[in-house]
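Accompanying notes for the structure given below.
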Amino acid sequence: MHLQRSAGVLLHPTSLPGLDGIGDVGPQAYRWIDWLAATGCTLWQVLPLGPTGFGDSPYQCFSAFAGNPFLVSPELLLQDGLLAAADLDDRPEFPADRVDFGPVIHWKLKLLDRAYERYLANPAPLQGQFESFRTQESSWLDDFALFMSIKEAQGGVAWEHWPQPLRRREPQALQEARQSEAVQRHAFRQFLFFKQWTALREYAHAKGVRIVGDIPIFVAFDSADAWSHPELFYLDEERKPTIVAGVPPDYFSPTGQLWGNPLYRWEAHAQSNYAWWIERMRATLQQVDIIRLDHFRGFAGYWAVPYGNPTAEIGEWQPGPGKPFLDALQQALGDLPIIAEDLGLITPDVIVLRDSFDLPGMRIFQFGFGSPQDPFLPHHYVRNCVAYTGTHDNDTVLGWYKTAPKKEQDLARKYLNATARNLPWEMIRSLWGSVAHRVVVPMQDLLSLGTEARMNFPGKLGGNWGWRVLDEQLTDELCKKLLELNTICDRLGAK
């Protein structure tokens, strides 16, 4: 298999510039694609695009299929006649460098509701498209719109606290709930997201840019998926989880990490030949071109923690679905454009599973400075991998360096022949020169920013996912610098 050398940048759409307090898929996203294409990069990596809930994490979404309505662009709604210029007159003063989620959500929901009211007043221009969307996506959209409508009527509480007839999806209760006008309103928000996102993706393709998306292995308990398919998860008669996801204690976390997501009844998935997963992958591949499959090791084996435990210390390893699962995906979808997120405790069975499907794994440069023998250093890379300076879960290169043990700082400076100040770009140069067929850098490292620009602190509640790039940081100078590096390292990719 010929592996085309290419390069990309990791930047979630919420981190784009814009006037509405959060990056979206409007004009600034098109400008971003223009800028990225001009650097010679052919990959734009994003985080999961689903509707975020408590904590604003894209890894804990209300649906594995839906899009995030807060990414809908008011400027594009203006162009479609769904907003008037006067609707934006009362836009609050938002910070340009961070997402202040509370006020942003309030503002975006107000605009989305205005757009829906305008649609109801004159449905003709979009009615055909909307009805076609609802029919085409009904397999997930019907349950999601109903779930969100009920959640809204119940004051936003998680579905485990809903009245029993709704929690248990009794037909009479669902029939009554479907009468709410909110069901169509939530469906319309999804229509707007997919309309705008599809147009942006087509524009990216025209510019030679492919989008790398992200599928979290697990779904949130408070999701339309767990509510509408309880038979696919370890839930008891009362629809409470019995075991939940996490990872055991390690060097970084003495009590492990308790994620709390419900775990799959893999035998139930196998009985349907993994139909739910195939549908999930197919839906994601309508949004993106390549999928980073988060926590890939969980498909070989996963850590199951009894529900109610305060930490992940007590649990047991359970076998994952393994090869039959990936065989079913491949049979349904053809060659799998998957990046296996193979970080953490990787056992031989994980490597065998990854390599038997020829999936590229990940290499994180920051992790490599324990010793010259470390597999995360570029001189140990294989061609079929995707190499990063760091990810959304790491500190920036500068932030990492400032707090790294002296031994790691010394090896980093010597390995890169760098000073502390120019470390990010020397790391990028070294990465770009490696044999890895794909390399990706977070935008924060491209800008040589410190810890203040970190995207996520795993395990820390609140204050995450807020960083934004400023319009003036996307300079011609930086564009030319990256273009030169892509050129000399043969990473211009196939346009």
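Please note that chains go A, B, ... in the order of the structure tokens, that every chain numbers its residues from 1, and that ligands are numbered from 1 in the order shown.
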
Looking only at the backbone, which of the residues in stretch 111-252 of chain A does DSSP tag as strand (DSSP E), as a list in words?
Arg210, Ile211, Val212, Gly213, Asp214, Ile215, Ile243, Val244, Ala245, Gly246 and Val247 of chain A

Taking C-alpha atoms for each residue, export the selection above as a compact mmCIF listing (two decimals), in the first residue's frame.
# COMPACT_ATOMS: atom_id res chain seq x y z
CA ARG A 210 -9.68 16.15 4.09
CA ILE A 211 -11.23 16.21 7.56
CA VAL A 212 -10.05 13.88 10.32
CA GLY A 213 -12.91 13.31 12.75
CA ASP A 214 -13.12 11.52 16.08
CA ILE A 215 -15.34 8.77 17.46
CA ILE A 243 -20.78 -1.51 35.20
CA VAL A 244 -19.15 1.61 33.76
CA ALA A 245 -16.05 2.58 31.80
CA GLY A 246 -12.67 3.70 33.08
CA VAL A 247 -9.00 2.79 33.13

Would you list the contacts of A:Arg31 as a list in words, taking every protein, DNA or RNA residue within 12 Å and counting only C-alpha atoms, but skipping same-chain residues closer than 3 positions in sequence?
Leu16, Pro17, Gly18, Asp24, Val25, Gly26, Pro27, Gln28, Asp34, Trp35, Leu36, Ala37, Ala38, Leu200, Tyr203, Ala204, Lys207, Asp471, Leu474 and Thr475 of chain A

Once you count only C-alpha atoms, what closest atom pair and distance in Å to one decimal does each residue of stretch 371-390 of chain A within 10 Å of stretch 317-340 of chain A have, with rows by chain and rising residue number, as a Markdown table?
| residue | atom | partner | partner_atom | distance |
| --- | --- | --- | --- | --- |
| A:Asn384 | CA | A:Ile339 | CA | 9.9 |
| A:Cys385 | CA | A:Ile339 | CA | 8.1 |
| A:Val386 | CA | A:Ile339 | CA | 7.5 |

Keeping C-alpha atoms for every residue in the selection just given, could you write it to a file as a compact mmCIF listing (two decimals), in the first residue's frame?
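Final output, again.txt:
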# COMPACT_ATOMS: atom_id res chain seq x y z
CA ASN A 384 2.14 3.56 8.96
CA CYS A 385 1.48 5.85 11.91
CA VAL A 386 0.12 9.34 12.59

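For the atom pair formed by atom CA of A:Pro241 and atom CA of A:Tyr302, the distance is 15.9 Å, given to one decimal.
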
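Using only C-alpha atoms, the protein and nucleic acid residues lying no more than 9 Å from stretch 123-130 of chain A, apart from those fewer than 4 places from it along its own chain, are Arg118, Tyr119, Arg134, Thr135, Ala187, Phe188, Phe191 and Leu192 of chain A.
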
Would you save the residues from that selection as a short mmCIF file (atom, residue, chain, number, x, y, z; two decimals), in the first residue's frame, using N, CA and C atoms?
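Output below, filename selection-v6.cif:
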data_model
loop_
_atom_site.label_atom_id
_atom_site.label_comp_id
_atom_site.auth_asym_id
_atom_site.auth_seq_id
_atom_site.Cartn_x
_atom_site.Cartn_y
_atom_site.Cartn_z
N ARG A 118 -38.76 32.01 12.18
CA ARG A 118 -38.80 32.58 10.83
C ARG A 118 -39.09 31.49 9.79
N TYR A 119 -38.56 30.30 10.04
CA TYR A 119 -38.87 29.17 9.14
C TYR A 119 -40.36 28.86 9.18
N ARG A 134 -35.23 14.92 7.36
CA ARG A 134 -35.89 14.16 8.44
C ARG A 134 -36.13 12.71 8.01
N THR A 135 -36.51 12.52 6.78
CA THR A 135 -36.76 11.16 6.28
C THR A 135 -35.45 10.36 6.20
N ALA A 187 -35.25 18.90 15.69
CA ALA A 187 -34.91 18.32 14.39
C ALA A 187 -34.43 19.41 13.43
N PHE A 188 -35.04 20.59 13.51
CA PHE A 188 -34.66 21.70 12.63
C PHE A 188 -33.23 22.17 12.94
N PHE A 191 -30.99 19.88 11.20
CA PHE A 191 -31.01 20.19 9.77
C PHE A 191 -30.06 21.34 9.45
N LEU A 192 -30.11 22.39 10.27
CA LEU A 192 -29.24 23.55 10.04
C LEU A 192 -27.77 23.16 10.19
#

Residues near A:Leu258, anyone? I mean within 9 Å using only C-alpha atoms, not counting same-chain ones fewer than 3 positions away, as a list of chain:residue names.
A:Val244, A:Ala245, A:Gly246, A:Val247, A:Pro248, A:Thr255, A:Asn261, A:Val305, A:Asn309, A:Pro310, A:Thr311, A:Ala312, A:Glu313, A:Gly459

Could you save those same residues with N, CA and C atoms as a PDB file, in the first residue's frame?
ATOM      1  N   VAL A 244     -19.450   0.403  34.540  1.00  0.00           N
ATOM      2  CA  VAL A 244     -19.148   1.609  33.756  1.00  0.00           C
ATOM      3  C   VAL A 244     -17.686   1.613  33.341  1.00  0.00           C
ATOM      4  N   ALA A 245     -17.374   2.532  32.414  1.00  0.00           N
ATOM      5  CA  ALA A 245     -16.046   2.580  31.797  1.00  0.00           C
ATOM      6  C   ALA A 245     -15.042   3.350  32.645  1.00  0.00           C
ATOM      7  N   GLY A 246     -13.782   2.999  32.448  1.00  0.00           N
ATOM      8  CA  GLY A 246     -12.670   3.704  33.076  1.00  0.00           C
ATOM      9  C   GLY A 246     -11.367   3.030  32.694  1.00  0.00           C
ATOM     10  N   VAL A 247     -10.292   3.463  33.290  1.00  0.00           N
ATOM     11  CA  VAL A 247      -9.004   2.787  33.129  1.00  0.00           C
ATOM     12  C   VAL A 247      -8.397   2.593  34.515  1.00  0.00           C
ATOM     13  N   PRO A 248      -7.650   1.493  34.703  1.00  0.00           N
ATOM     14  CA  PRO A 248      -7.119   1.195  36.038  1.00  0.00           C
ATOM     15  C   PRO A 248      -5.998   2.144  36.450  1.00  0.00           C
ATOM     16  N   THR A 255      -5.436   6.351  41.306  1.00  0.00           N
ATOM     17  CA  THR A 255      -6.763   5.753  41.505  1.00  0.00           C
ATOM     18  C   THR A 255      -7.434   5.409  40.172  1.00  0.00           C
ATOM     19  N   ASN A 261     -19.025   6.087  31.714  1.00  0.00           N
ATOM     20  CA  ASN A 261     -19.906   5.773  30.580  1.00  0.00           C
ATOM     21  C   ASN A 261     -20.456   4.359  30.718  1.00  0.00           C
ATOM     22  N   VAL A 305     -15.808  -1.163  35.675  1.00  0.00           N
ATOM     23  CA  VAL A 305     -15.865  -0.747  37.078  1.00  0.00           C
ATOM     24  C   VAL A 305     -17.310  -0.870  37.563  1.00  0.00           C
ATOM     25  N   ASN A 309     -18.939   2.900  42.303  1.00  0.00           N
ATOM     26  CA  ASN A 309     -17.602   3.016  42.900  1.00  0.00           C
ATOM     27  C   ASN A 309     -17.080   4.443  42.739  1.00  0.00           C
ATOM     28  N   PRO A 310     -16.419   4.986  43.770  1.00  0.00           N
ATOM     29  CA  PRO A 310     -15.954   6.378  43.678  1.00  0.00           C
ATOM     30  C   PRO A 310     -14.716   6.552  42.804  1.00  0.00           C
ATOM     31  N   THR A 311     -13.937   5.478  42.597  1.00  0.00           N
ATOM     32  CA  THR A 311     -12.749   5.546  41.742  1.00  0.00           C
ATOM     33  C   THR A 311     -12.729   4.320  40.834  1.00  0.00           C
ATOM     34  N   ALA A 312     -11.701   4.261  39.956  1.00  0.00           N
ATOM     35  CA  ALA A 312     -11.580   3.129  39.027  1.00  0.00           C
ATOM     36  C   ALA A 312     -10.616   2.058  39.541  1.00  0.00           C
ATOM     37  N   GLU A 313     -10.263   2.128  40.823  1.00  0.00           N
ATOM     38  CA  GLU A 313      -9.280   1.170  41.355  1.00  0.00           C
ATOM     39  C   GLU A 313      -9.792  -0.266  41.313  1.00  0.00           C
ATOM     40  N   GLY A 459      -9.754  14.880  33.690  1.00  0.00           N
ATOM     41  CA  GLY A 459     -10.045  14.709  35.116  1.00  0.00           C
ATOM     42  C   GLY A 459     -10.400  15.991  35.838  1.00  0.00           C
TER      43      GLY A 459
END

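Closest approach to A:Glu238 among A:Arg167, A:Lys407, A:Arg5, A:Arg292: A:Arg167, based on only C-alpha atoms.
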
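The nearest approach to A:Ala453 among the residues A:Asn422, A:Ser371, A:Ser223, A:Asn394, with only C-alpha atoms taken into account, belongs to A:Asn394.
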